[in-house]
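The file structure.cif comes next; it holds mmCIF, N, CA and C atoms.
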```cif
data_coords
#
loop_
_atom_site.label_atom_id
_atom_site.label_comp_id
_atom_site.auth_asym_id
_atom_site.auth_seq_id
_atom_site.Cartn_x
_atom_site.Cartn_y
_atom_site.Cartn_z
N MET K 21 32.59 92.05 62.18
CA MET K 21 32.13 92.88 61.06
C MET K 21 31.38 91.98 60.09
N SER K 22 30.16 92.36 59.73
CA SER K 22 29.36 91.53 58.84
C SER K 22 29.67 91.85 57.38
N GLN K 23 29.53 90.81 56.55
CA GLN K 23 29.74 90.97 55.11
C GLN K 23 28.50 91.62 54.49
N PRO K 24 28.69 92.46 53.47
CA PRO K 24 27.52 93.00 52.78
C PRO K 24 26.77 91.87 52.08
N GLN K 25 25.46 92.02 51.98
CA GLN K 25 24.68 91.01 51.29
C GLN K 25 24.81 91.21 49.79
N HIS K 26 24.87 90.10 49.09
CA HIS K 26 24.90 90.11 47.63
C HIS K 26 23.69 89.31 47.19
N LEU K 27 22.68 90.02 46.66
CA LEU K 27 21.41 89.41 46.33
C LEU K 27 21.23 89.33 44.82
N ARG K 28 20.49 88.33 44.39
CA ARG K 28 20.25 88.07 42.97
C ARG K 28 19.78 89.33 42.23
N GLY K 29 18.88 90.10 42.84
CA GLY K 29 18.33 91.28 42.20
C GLY K 29 19.35 92.39 41.94
N ASP K 30 20.54 92.27 42.50
CA ASP K 30 21.58 93.29 42.32
C ASP K 30 22.36 93.12 41.01
N TYR K 31 22.12 92.03 40.29
CA TYR K 31 22.93 91.70 39.10
C TYR K 31 22.08 91.79 37.84
N ARG K 32 22.72 92.12 36.73
CA ARG K 32 22.04 92.41 35.46
C ARG K 32 21.96 91.21 34.51
N HIS K 33 22.87 90.28 34.63
CA HIS K 33 22.95 89.14 33.70
C HIS K 33 23.33 87.91 34.50
N PHE K 34 22.82 86.76 34.10
CA PHE K 34 23.15 85.50 34.78
C PHE K 34 23.62 84.47 33.76
N GLN K 35 24.73 83.83 34.10
CA GLN K 35 25.30 82.80 33.25
C GLN K 35 25.28 81.48 34.01
N PRO K 36 24.52 80.48 33.51
CA PRO K 36 24.56 79.18 34.18
C PRO K 36 25.92 78.52 33.97
N ILE K 37 26.39 77.86 35.00
CA ILE K 37 27.68 77.15 34.95
C ILE K 37 27.44 75.73 35.46
N THR K 38 28.04 74.78 34.79
CA THR K 38 27.96 73.40 35.23
C THR K 38 29.18 73.10 36.09
N THR K 39 28.96 72.79 37.35
CA THR K 39 30.09 72.35 38.17
C THR K 39 30.53 70.98 37.67
N ARG K 40 31.79 70.68 37.91
CA ARG K 40 32.37 69.42 37.45
C ARG K 40 32.93 68.65 38.64
N TRP K 41 33.00 67.36 38.51
CA TRP K 41 33.49 66.50 39.57
C TRP K 41 34.86 66.98 40.06
N HIS K 42 35.74 67.30 39.13
CA HIS K 42 37.10 67.68 39.55
C HIS K 42 37.18 69.10 40.13
N ASP K 43 36.05 69.85 40.17
CA ASP K 43 36.06 71.14 40.84
C ASP K 43 36.14 70.98 42.36
N ASN K 44 35.64 69.85 42.86
CA ASN K 44 35.68 69.59 44.31
C ASN K 44 37.11 69.32 44.75
N ASP K 45 37.44 69.82 45.92
CA ASP K 45 38.77 69.54 46.47
C ASP K 45 38.67 68.43 47.53
N ILE K 46 39.73 68.18 48.22
CA ILE K 46 39.79 67.10 49.20
C ILE K 46 38.79 67.31 50.34
N TYR K 47 38.35 68.56 50.54
CA TYR K 47 37.40 68.86 51.60
C TYR K 47 35.95 68.69 51.16
N GLY K 48 35.74 68.32 49.89
CA GLY K 48 34.40 68.03 49.40
C GLY K 48 33.61 69.23 48.91
N HIS K 49 34.29 70.36 48.69
CA HIS K 49 33.60 71.52 48.13
C HIS K 49 34.45 72.09 47.00
N VAL K 50 33.84 72.98 46.21
CA VAL K 50 34.57 73.60 45.10
C VAL K 50 35.73 74.40 45.66
N ASN K 51 36.91 74.16 45.11
CA ASN K 51 38.11 74.84 45.56
C ASN K 51 38.04 76.33 45.23
N ASN K 52 38.60 77.15 46.11
CA ASN K 52 38.51 78.60 45.96
C ASN K 52 39.01 79.11 44.61
N VAL K 53 40.06 78.55 44.08
CA VAL K 53 40.58 79.06 42.81
C VAL K 53 39.64 78.81 41.64
N THR K 54 38.77 77.83 41.76
CA THR K 54 37.84 77.49 40.69
C THR K 54 36.81 78.58 40.48
N TYR K 55 36.49 79.34 41.53
CA TYR K 55 35.54 80.43 41.40
C TYR K 55 36.01 81.44 40.36
N TYR K 56 37.32 81.67 40.29
CA TYR K 56 37.86 82.61 39.30
C TYR K 56 37.61 82.11 37.88
N SER K 57 37.69 80.81 37.66
CA SER K 57 37.41 80.29 36.32
C SER K 57 35.93 80.44 35.99
N TYR K 58 35.06 80.30 36.99
CA TYR K 58 33.63 80.54 36.77
C TYR K 58 33.41 82.00 36.38
N PHE K 59 34.05 82.92 37.08
CA PHE K 59 33.92 84.35 36.77
C PHE K 59 34.39 84.62 35.34
N ASP K 60 35.57 84.12 35.00
CA ASP K 60 36.16 84.35 33.68
C ASP K 60 35.26 83.77 32.59
N SER K 61 34.74 82.58 32.80
CA SER K 61 33.86 81.95 31.82
C SER K 61 32.58 82.75 31.63
N ALA K 62 31.99 83.23 32.71
CA ALA K 62 30.74 84.00 32.62
C ALA K 62 30.96 85.31 31.86
N VAL K 63 32.02 86.02 32.19
CA VAL K 63 32.30 87.29 31.52
C VAL K 63 32.56 87.07 30.04
N ASN K 64 33.43 86.12 29.71
CA ASN K 64 33.76 85.92 28.30
C ASN K 64 32.59 85.38 27.50
N ALA K 65 31.75 84.54 28.09
CA ALA K 65 30.55 84.08 27.39
C ALA K 65 29.66 85.27 27.05
N TYR K 66 29.51 86.20 28.01
CA TYR K 66 28.70 87.40 27.77
C TYR K 66 29.33 88.27 26.68
N LEU K 67 30.64 88.52 26.77
CA LEU K 67 31.30 89.38 25.79
C LEU K 67 31.22 88.81 24.38
N ILE K 68 31.33 87.50 24.25
CA ILE K 68 31.23 86.85 22.94
C ILE K 68 29.81 86.98 22.40
N ALA K 69 28.82 86.64 23.24
CA ALA K 69 27.42 86.62 22.78
C ALA K 69 26.84 88.02 22.59
N ALA K 70 27.10 88.92 23.54
CA ALA K 70 26.45 90.23 23.52
C ALA K 70 27.29 91.32 22.87
N GLY K 71 28.63 91.15 22.88
CA GLY K 71 29.51 92.20 22.38
C GLY K 71 30.32 91.83 21.16
N GLY K 72 30.17 90.59 20.68
CA GLY K 72 30.88 90.17 19.48
C GLY K 72 32.38 89.98 19.66
N LEU K 73 32.84 89.76 20.89
CA LEU K 73 34.27 89.55 21.11
C LEU K 73 34.74 88.31 20.35
N ASP K 74 35.79 88.48 19.56
CA ASP K 74 36.39 87.37 18.81
C ASP K 74 37.65 86.95 19.56
N ILE K 75 37.54 85.91 20.38
CA ILE K 75 38.66 85.51 21.23
C ILE K 75 39.80 84.87 20.44
N HIS K 76 39.52 84.41 19.23
CA HIS K 76 40.56 83.71 18.46
C HIS K 76 41.29 84.62 17.47
N GLY K 77 40.58 85.57 16.85
CA GLY K 77 41.23 86.34 15.81
C GLY K 77 41.00 87.83 15.87
N GLY K 78 40.29 88.31 16.89
CA GLY K 78 40.00 89.74 16.98
C GLY K 78 41.24 90.56 17.26
N ASP K 79 41.17 91.84 16.91
CA ASP K 79 42.29 92.75 17.13
C ASP K 79 42.45 93.14 18.59
N VAL K 80 41.37 92.97 19.38
CA VAL K 80 41.36 93.41 20.77
C VAL K 80 41.12 92.21 21.68
N VAL K 81 41.88 92.16 22.79
CA VAL K 81 41.70 91.13 23.81
C VAL K 81 41.64 91.81 25.17
N GLY K 82 41.00 91.13 26.12
CA GLY K 82 40.93 91.65 27.48
C GLY K 82 41.90 90.91 28.38
N PHE K 83 42.75 91.64 29.07
CA PHE K 83 43.68 91.06 30.04
C PHE K 83 43.16 91.33 31.45
N VAL K 84 43.14 90.31 32.28
CA VAL K 84 42.78 90.49 33.68
C VAL K 84 43.99 91.07 34.41
N VAL K 85 43.78 92.22 35.07
CA VAL K 85 44.88 92.88 35.76
C VAL K 85 44.69 92.94 37.28
N SER K 86 43.48 92.58 37.75
CA SER K 86 43.19 92.60 39.18
C SER K 86 41.99 91.71 39.43
N SER K 87 41.99 91.01 40.58
CA SER K 87 40.84 90.17 40.92
C SER K 87 40.79 89.94 42.42
N ALA K 88 39.57 89.63 42.89
CA ALA K 88 39.35 89.33 44.30
C ALA K 88 38.06 88.55 44.43
N CYS K 89 37.93 87.79 45.54
CA CYS K 89 36.71 87.04 45.80
C CYS K 89 36.54 86.86 47.30
N ASP K 90 35.28 87.00 47.76
CA ASP K 90 34.90 86.72 49.14
C ASP K 90 33.94 85.54 49.12
N TYR K 91 34.07 84.66 50.10
CA TYR K 91 33.31 83.41 50.14
C TYR K 91 32.38 83.42 51.34
N PHE K 92 31.11 83.06 51.11
CA PHE K 92 30.11 83.09 52.17
C PHE K 92 29.54 81.72 52.50
N ALA K 93 29.42 80.85 51.50
CA ALA K 93 28.87 79.51 51.68
C ALA K 93 29.49 78.59 50.64
N SER K 94 29.71 77.34 51.01
CA SER K 94 30.33 76.39 50.10
C SER K 94 29.36 75.94 49.01
N ILE K 95 29.93 75.65 47.84
CA ILE K 95 29.22 74.94 46.79
C ILE K 95 30.02 73.69 46.48
N ALA K 96 29.37 72.71 45.87
CA ALA K 96 30.05 71.46 45.55
C ALA K 96 29.38 70.82 44.34
N PHE K 97 30.15 70.03 43.61
CA PHE K 97 29.56 69.21 42.55
C PHE K 97 28.57 68.26 43.19
N PRO K 98 27.37 68.13 42.68
CA PRO K 98 26.83 68.57 41.39
C PRO K 98 25.91 69.79 41.47
N ASP K 99 26.22 70.78 42.31
CA ASP K 99 25.37 71.96 42.39
C ASP K 99 25.20 72.63 41.03
N ALA K 100 23.99 73.06 40.74
CA ALA K 100 23.72 73.91 39.58
C ALA K 100 23.91 75.34 40.07
N ILE K 101 24.77 76.09 39.39
CA ILE K 101 25.06 77.46 39.81
C ILE K 101 24.84 78.43 38.67
N GLU K 102 24.73 79.70 39.05
CA GLU K 102 24.62 80.79 38.09
C GLU K 102 25.57 81.89 38.57
N VAL K 103 26.24 82.50 37.62
CA VAL K 103 27.11 83.63 37.94
C VAL K 103 26.35 84.90 37.59
N GLY K 104 26.12 85.74 38.60
CA GLY K 104 25.53 87.05 38.38
C GLY K 104 26.62 88.01 37.97
N LEU K 105 26.31 88.88 37.01
CA LEU K 105 27.30 89.78 36.44
C LEU K 105 26.72 91.18 36.34
N ARG K 106 27.53 92.16 36.72
CA ARG K 106 27.22 93.56 36.50
C ARG K 106 28.54 94.29 36.31
N VAL K 107 28.48 95.51 35.83
CA VAL K 107 29.66 96.35 35.64
C VAL K 107 29.64 97.43 36.71
N GLY K 108 30.71 97.51 37.49
CA GLY K 108 30.83 98.53 38.52
C GLY K 108 31.45 99.81 38.02
N LYS K 109 32.44 99.70 37.13
CA LYS K 109 33.14 100.86 36.58
C LYS K 109 33.45 100.58 35.13
N LEU K 110 33.24 101.57 34.30
CA LEU K 110 33.55 101.44 32.87
C LEU K 110 34.40 102.63 32.46
N GLY K 111 35.64 102.35 32.10
CA GLY K 111 36.55 103.41 31.68
C GLY K 111 36.75 103.41 30.18
N ASN K 112 37.80 104.08 29.73
CA ASN K 112 38.11 104.14 28.30
C ASN K 112 38.62 102.80 27.78
N SER K 113 39.56 102.20 28.51
CA SER K 113 40.14 100.92 28.06
C SER K 113 39.94 99.81 29.09
N SER K 114 39.29 100.11 30.21
CA SER K 114 39.15 99.10 31.26
C SER K 114 37.71 99.03 31.77
N VAL K 115 37.43 97.89 32.39
CA VAL K 115 36.11 97.66 32.98
C VAL K 115 36.30 96.85 34.25
N GLN K 116 35.56 97.21 35.29
CA GLN K 116 35.54 96.41 36.51
C GLN K 116 34.21 95.66 36.56
N TYR K 117 34.30 94.34 36.54
CA TYR K 117 33.12 93.49 36.67
C TYR K 117 32.90 93.19 38.14
N GLU K 118 31.64 93.10 38.52
CA GLU K 118 31.26 92.64 39.85
C GLU K 118 30.43 91.39 39.63
N LEU K 119 30.82 90.31 40.30
CA LEU K 119 30.22 89.00 40.06
C LEU K 119 29.81 88.34 41.35
N ALA K 120 28.86 87.42 41.24
CA ALA K 120 28.45 86.64 42.41
C ALA K 120 28.05 85.25 41.95
N ILE K 121 28.33 84.28 42.80
CA ILE K 121 27.96 82.88 42.54
C ILE K 121 26.70 82.58 43.34
N PHE K 122 25.68 82.10 42.65
CA PHE K 122 24.41 81.71 43.27
C PHE K 122 24.12 80.25 42.96
N ARG K 123 23.63 79.51 43.95
CA ARG K 123 23.02 78.23 43.62
C ARG K 123 21.75 78.56 42.85
N ALA K 124 21.44 77.76 41.83
CA ALA K 124 20.26 78.02 41.01
C ALA K 124 19.03 78.20 41.89
N GLY K 125 18.34 79.31 41.68
CA GLY K 125 17.11 79.58 42.41
C GLY K 125 17.28 80.26 43.75
N GLU K 126 18.50 80.37 44.26
CA GLU K 126 18.70 81.01 45.57
C GLU K 126 18.92 82.51 45.41
N GLU K 127 18.49 83.26 46.42
CA GLU K 127 18.58 84.72 46.39
C GLU K 127 19.90 85.25 46.93
N GLN K 128 20.51 84.55 47.86
CA GLN K 128 21.74 85.00 48.52
C GLN K 128 22.95 84.37 47.85
N ALA K 129 23.96 85.17 47.56
CA ALA K 129 25.18 84.68 46.92
C ALA K 129 25.99 83.80 47.85
N CYS K 130 26.64 82.80 47.29
CA CYS K 130 27.59 81.95 48.01
C CYS K 130 28.98 82.57 48.01
N ALA K 131 29.25 83.40 47.00
CA ALA K 131 30.54 84.10 46.89
C ALA K 131 30.32 85.34 46.04
N ALA K 132 31.16 86.34 46.23
CA ALA K 132 31.09 87.55 45.41
C ALA K 132 32.51 88.03 45.15
N GLY K 133 32.73 88.52 43.95
CA GLY K 133 34.07 88.97 43.60
C GLY K 133 34.04 90.07 42.56
N ARG K 134 35.22 90.40 42.13
CA ARG K 134 35.38 91.42 41.10
C ARG K 134 36.65 91.12 40.33
N PHE K 135 36.66 91.56 39.09
CA PHE K 135 37.93 91.60 38.38
C PHE K 135 37.91 92.70 37.34
N VAL K 136 39.11 93.12 36.96
CA VAL K 136 39.28 94.22 36.01
C VAL K 136 39.91 93.67 34.74
N HIS K 137 39.27 94.00 33.62
CA HIS K 137 39.84 93.75 32.29
C HIS K 137 40.40 95.06 31.77
N VAL K 138 41.59 95.01 31.19
CA VAL K 138 42.09 96.10 30.37
C VAL K 138 42.11 95.56 28.95
N PHE K 139 41.47 96.29 28.05
CA PHE K 139 41.44 95.86 26.65
C PHE K 139 42.68 96.39 25.95
N VAL K 140 43.34 95.48 25.24
CA VAL K 140 44.60 95.80 24.58
C VAL K 140 44.57 95.34 23.13
N ASP K 141 45.42 95.97 22.34
CA ASP K 141 45.65 95.53 20.97
C ASP K 141 46.38 94.20 21.01
N ARG K 142 45.85 93.20 20.31
CA ARG K 142 46.43 91.86 20.35
C ARG K 142 47.89 91.86 19.91
N ALA K 143 48.25 92.63 18.90
CA ALA K 143 49.61 92.61 18.37
C ALA K 143 50.61 93.32 19.28
N SER K 144 50.22 94.46 19.85
CA SER K 144 51.18 95.27 20.61
C SER K 144 51.05 95.11 22.12
N ASN K 145 49.94 94.53 22.59
CA ASN K 145 49.64 94.44 24.03
C ASN K 145 49.53 95.82 24.69
N ARG K 146 49.21 96.83 23.91
CA ARG K 146 49.04 98.20 24.42
C ARG K 146 47.55 98.47 24.61
N PRO K 147 47.17 99.19 25.68
CA PRO K 147 45.75 99.50 25.90
C PRO K 147 45.13 100.26 24.73
N VAL K 148 43.86 99.92 24.47
CA VAL K 148 43.09 100.59 23.43
C VAL K 148 41.72 100.92 23.99
N SER K 149 41.05 101.85 23.34
CA SER K 149 39.67 102.16 23.72
C SER K 149 38.81 100.91 23.49
N ILE K 150 37.87 100.70 24.39
CA ILE K 150 36.97 99.56 24.25
C ILE K 150 36.16 99.75 22.97
N PRO K 151 36.19 98.79 22.05
CA PRO K 151 35.42 98.92 20.80
C PRO K 151 33.92 99.09 21.08
N GLU K 152 33.25 99.83 20.22
CA GLU K 152 31.85 100.20 20.44
C GLU K 152 30.93 99.01 20.70
N PRO K 153 31.00 97.90 19.96
CA PRO K 153 30.08 96.79 20.27
C PRO K 153 30.27 96.24 21.69
N LEU K 154 31.51 96.16 22.14
CA LEU K 154 31.78 95.71 23.50
C LEU K 154 31.33 96.75 24.52
N ARG K 155 31.61 98.02 24.25
CA ARG K 155 31.21 99.10 25.17
C ARG K 155 29.69 99.10 25.33
N SER K 156 28.97 98.95 24.25
CA SER K 156 27.52 98.94 24.32
C SER K 156 27.02 97.77 25.18
N ALA K 157 27.61 96.59 24.99
CA ALA K 157 27.23 95.42 25.79
C ALA K 157 27.55 95.65 27.26
N LEU K 158 28.68 96.28 27.55
CA LEU K 158 29.08 96.55 28.94
C LEU K 158 28.19 97.60 29.58
N GLU K 159 27.80 98.61 28.82
CA GLU K 159 26.92 99.66 29.35
C GLU K 159 25.60 99.09 29.83
N ARG K 160 25.10 98.04 29.17
CA ARG K 160 23.84 97.40 29.59
C ARG K 160 23.95 96.74 30.95
N LEU K 161 25.18 96.50 31.41
CA LEU K 161 25.40 95.84 32.70
C LEU K 161 25.77 96.80 33.83
N LEU K 162 25.81 98.10 33.53
CA LEU K 162 26.22 99.06 34.56
C LEU K 162 25.32 99.00 35.78
N ALA K 163 25.95 98.93 36.94
CA ALA K 163 25.22 98.91 38.20
C ALA K 163 24.51 100.24 38.39
N ALA K 164 23.36 100.19 38.99
CA ALA K 164 22.57 101.41 39.21
C ALA K 164 23.22 102.33 40.20
#
```

Step by step, read the file and then write its structure as structure tokens.
Amino acid sequence: MSQPQHLRGDYRHFQPITTRWHDNDIYGHVNNVTYYSYFDSAVNAYLIAAGGLDIHGGDVVGFVVSSACDYFASIAFPDAIEVGLRVGKLGNSSVQYELAIFRAGEEQACAAGRFVHVFVDRASNRPVSIPEPLRSALERLLAA
């Protein structure tokens, strides 16, 4: 069974990420768990810049409640990479991000994944409606 192609043109936003020496594992490539940190960094950088998310003192925070990743080709330090980001589903209090890791300038993804944020009240940890500035930023990333 062949994997679906994940192409650069399928994503709405790109976040450059600097790979680090310690991202490589004993096999000489970026360890699988590190891809999740790339995904998390790309999403939060976008939410801070485009949606005004205040990660330190805001009333609302996003909790990751589900995640997955498929791997197609290895990356390794010192590869320059970009994380492609789009929104697959946007609910009242949750959003499913669809992400892909690309070597800078390449059209085909090396990995593709998804994760779900549920936005909650920082004090109570109870789900809340996504605040309008964040919702607006997320709507710009909705997949066609």

Self-check item: Picked from stretch 22-164 of chain K by DSSP as alpha helix (DSSP H), as a PyMOL selection string
Solution: chain K and resi 52-71+152-159

Selected residues written out, N, CA and C atoms, as a compact mmCIF listing (two decimals), in the coordinates of the input:
```txt
# COMPACT_ATOMS: atom_id res chain seq x y z
N ASN K 52 38.60 77.15 46.11
CA ASN K 52 38.51 78.60 45.96
C ASN K 52 39.01 79.11 44.61
N VAL K 53 40.06 78.55 44.08
CA VAL K 53 40.58 79.06 42.81
C VAL K 53 39.64 78.81 41.64
N THR K 54 38.77 77.83 41.76
CA THR K 54 37.84 77.49 40.69
C THR K 54 36.81 78.58 40.48
N TYR K 55 36.49 79.34 41.53
CA TYR K 55 35.54 80.43 41.40
C TYR K 55 36.01 81.44 40.36
N TYR K 56 37.32 81.67 40.29
CA TYR K 56 37.86 82.61 39.30
C TYR K 56 37.61 82.11 37.88
N SER K 57 37.69 80.81 37.66
CA SER K 57 37.41 80.29 36.32
C SER K 57 35.93 80.44 35.99
N TYR K 58 35.06 80.30 36.99
CA TYR K 58 33.63 80.54 36.77
C TYR K 58 33.41 82.00 36.38
N PHE K 59 34.05 82.92 37.08
CA PHE K 59 33.92 84.35 36.77
C PHE K 59 34.39 84.62 35.34
N ASP K 60 35.57 84.12 35.00
CA ASP K 60 36.16 84.35 33.68
C ASP K 60 35.26 83.77 32.59
N SER K 61 34.74 82.58 32.80
CA SER K 61 33.86 81.95 31.82
C SER K 61 32.58 82.75 31.63
N ALA K 62 31.99 83.23 32.71
CA ALA K 62 30.74 84.00 32.62
C ALA K 62 30.96 85.31 31.86
N VAL K 63 32.02 86.02 32.19
CA VAL K 63 32.30 87.29 31.52
C VAL K 63 32.56 87.07 30.04
N ASN K 64 33.43 86.12 29.71
CA ASN K 64 33.76 85.92 28.30
C ASN K 64 32.59 85.38 27.50
N ALA K 65 31.75 84.54 28.09
CA ALA K 65 30.55 84.08 27.39
C ALA K 65 29.66 85.27 27.05
N TYR K 66 29.51 86.20 28.01
CA TYR K 66 28.70 87.40 27.77
C TYR K 66 29.33 88.27 26.68
N LEU K 67 30.64 88.52 26.77
CA LEU K 67 31.30 89.38 25.79
C LEU K 67 31.22 88.81 24.38
N ILE K 68 31.33 87.50 24.25
CA ILE K 68 31.23 86.85 22.94
C ILE K 68 29.81 86.98 22.40
N ALA K 69 28.82 86.64 23.24
CA ALA K 69 27.42 86.62 22.78
C ALA K 69 26.84 88.02 22.59
N ALA K 70 27.10 88.92 23.54
CA ALA K 70 26.45 90.23 23.52
C ALA K 70 27.29 91.32 22.87
N GLY K 71 28.63 91.15 22.88
CA GLY K 71 29.51 92.20 22.38
C GLY K 71 30.32 91.83 21.16
N GLU K 152 33.25 99.83 20.22
CA GLU K 152 31.85 100.20 20.44
C GLU K 152 30.93 99.01 20.70
N PRO K 153 31.00 97.90 19.96
CA PRO K 153 30.08 96.79 20.27
C PRO K 153 30.27 96.24 21.69
N LEU K 154 31.51 96.16 22.14
CA LEU K 154 31.78 95.71 23.50
C LEU K 154 31.33 96.75 24.52
N ARG K 155 31.61 98.02 24.25
CA ARG K 155 31.21 99.10 25.17
C ARG K 155 29.69 99.10 25.33
N SER K 156 28.97 98.95 24.25
CA SER K 156 27.52 98.94 24.32
C SER K 156 27.02 97.77 25.18
N ALA K 157 27.61 96.59 24.99
CA ALA K 157 27.23 95.42 25.79
C ALA K 157 27.55 95.65 27.26
N LEU K 158 28.68 96.28 27.55
CA LEU K 158 29.08 96.55 28.94
C LEU K 158 28.19 97.60 29.58
N GLU K 159 27.80 98.61 28.82
CA GLU K 159 26.92 99.66 29.35
C GLU K 159 25.60 99.09 29.83
```

Per residue of stretch 30-109 of chain K within 5 Å of stretch 138-162 of chain K, note the shortest atom pair and the distance in Å to one decimal, counting only N, CA and C atoms, and order the rows by chain and increasing residue number, as a tab-separated table.
```
residue	atom	partner	partner_atom	distance
K:Gly71	CA	K:Pro153	C	4.2
K:Asp79	C	K:Arg142	N	3.8
K:Val80	CA	K:Val140	C	4.4
K:Val81	C	K:Val140	N	4.0
K:Gly82	CA	K:Phe139	CA	4.3
K:Phe83	N	K:Val138	C	4.0
K:Arg106	CA	K:Leu161	C	4.4
K:Val107	N	K:Leu161	C	3.6
```

Residue contacts of K:Glu127 (8 Å, only N, CA and C atoms) excluding same-chain residues fewer than 3 positions away, as an mmCIF file with N, CA and C atoms, in the frame of the given file:
```
data_model
loop_
_atom_site.group_PDB
_atom_site.id
_atom_site.type_symbol
_atom_site.label_atom_id
_atom_site.label_comp_id
_atom_site.auth_asym_id
_atom_site.auth_seq_id
_atom_site.Cartn_x
_atom_site.Cartn_y
_atom_site.Cartn_z
ATOM 1 N N HIS K 26 24.870 90.100 49.090
ATOM 2 C CA HIS K 26 24.900 90.110 47.630
ATOM 3 C C HIS K 26 23.690 89.310 47.190
ATOM 4 N N LEU K 27 22.680 90.020 46.660
ATOM 5 C CA LEU K 27 21.410 89.410 46.330
ATOM 6 C C LEU K 27 21.230 89.330 44.820
ATOM 7 N N ARG K 28 20.490 88.330 44.390
ATOM 8 C CA ARG K 28 20.250 88.070 42.970
ATOM 9 C C ARG K 28 19.780 89.330 42.230
ATOM 10 N N GLY K 29 18.880 90.100 42.840
ATOM 11 C CA GLY K 29 18.330 91.280 42.200
ATOM 12 C C GLY K 29 19.350 92.390 41.940
ATOM 13 N N PHE K 122 25.680 82.100 42.650
ATOM 14 C CA PHE K 122 24.410 81.710 43.270
ATOM 15 C C PHE K 122 24.120 80.250 42.960
ATOM 16 N N ARG K 123 23.630 79.510 43.950
ATOM 17 C CA ARG K 123 23.020 78.230 43.620
ATOM 18 C C ARG K 123 21.750 78.560 42.850
ATOM 19 N N ALA K 124 21.440 77.760 41.830
ATOM 20 C CA ALA K 124 20.260 78.020 41.010
ATOM 21 C C ALA K 124 19.030 78.200 41.890
ATOM 22 N N CYS K 130 26.640 82.800 47.290
ATOM 23 C CA CYS K 130 27.590 81.950 48.010
ATOM 24 C C CYS K 130 28.980 82.570 48.010
#
```

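Atom pair atom CA of K:Tyr55 / atom CA of K:Val115 has a distance of 19.2 Å (rounded to one decimal).
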
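Distances to K:Asp43 were evaluated for K:Ala120, K:Ala96, K:Ala163, K:Leu105 using only C-alpha atoms, and the minimum falls at K:Ala96.
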
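Atom pair atom CA of K:His33 / atom CA of K:Gly104 has a distance of 5.7 Å (rounded to one decimal).
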
Quiz item: Just asking: which residues within chain K are strand (DSSP E) according to DSSP, as a ChimeraX atom specification?
Solution: /K:33-38,80-91,100-110,114-123,131-141

Self-check item: Non-local contacts of K:Ser57 (12 Å; only C-alpha atoms; under 6 positions in same chain excluded) as number ranges by chain
Solution: K: 37-39, 43, 50-51, 63-65, 84, 87, 89, 103, 119, 121, 133, 135

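Of note, atom CA of K:Asp90 and atom N of K:Pro36 are spaced 19.8 Å apart.
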
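With only C-alpha atoms as the atoms that count, the residue of K:Tyr117, K:Phe34, K:Tyr66, K:Phe97 with the shortest distance to K:Gly48 is K:Phe97.
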
Quiz item: Pick the closest to K:Tyr56 from K:Ile68, K:Ala131, K:Ala164, K:Leu110: which is it, counting only C-alpha atoms?
Solution: K:Ala131

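Nearest residue to K:Ser61 among K:Gln35, K:Glu118, K:Asp74, K:Asp99 is K:Gln35, counting only N, CA and C atoms.
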
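Using only C-alpha atoms for every distance, the candidate list K:Ser86, K:Asn44, K:Thr54, K:Gln25 yields K:Ser86 as the residue closest to K:Gln116.
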
Exercise. Name the closest residue to K:Tyr91 among the candidates K:Gly78, K:Ala129, K:Tyr58, K:Val53; distances are taken between atoms, counting all atoms listed in the file.
Key: K:Ala129
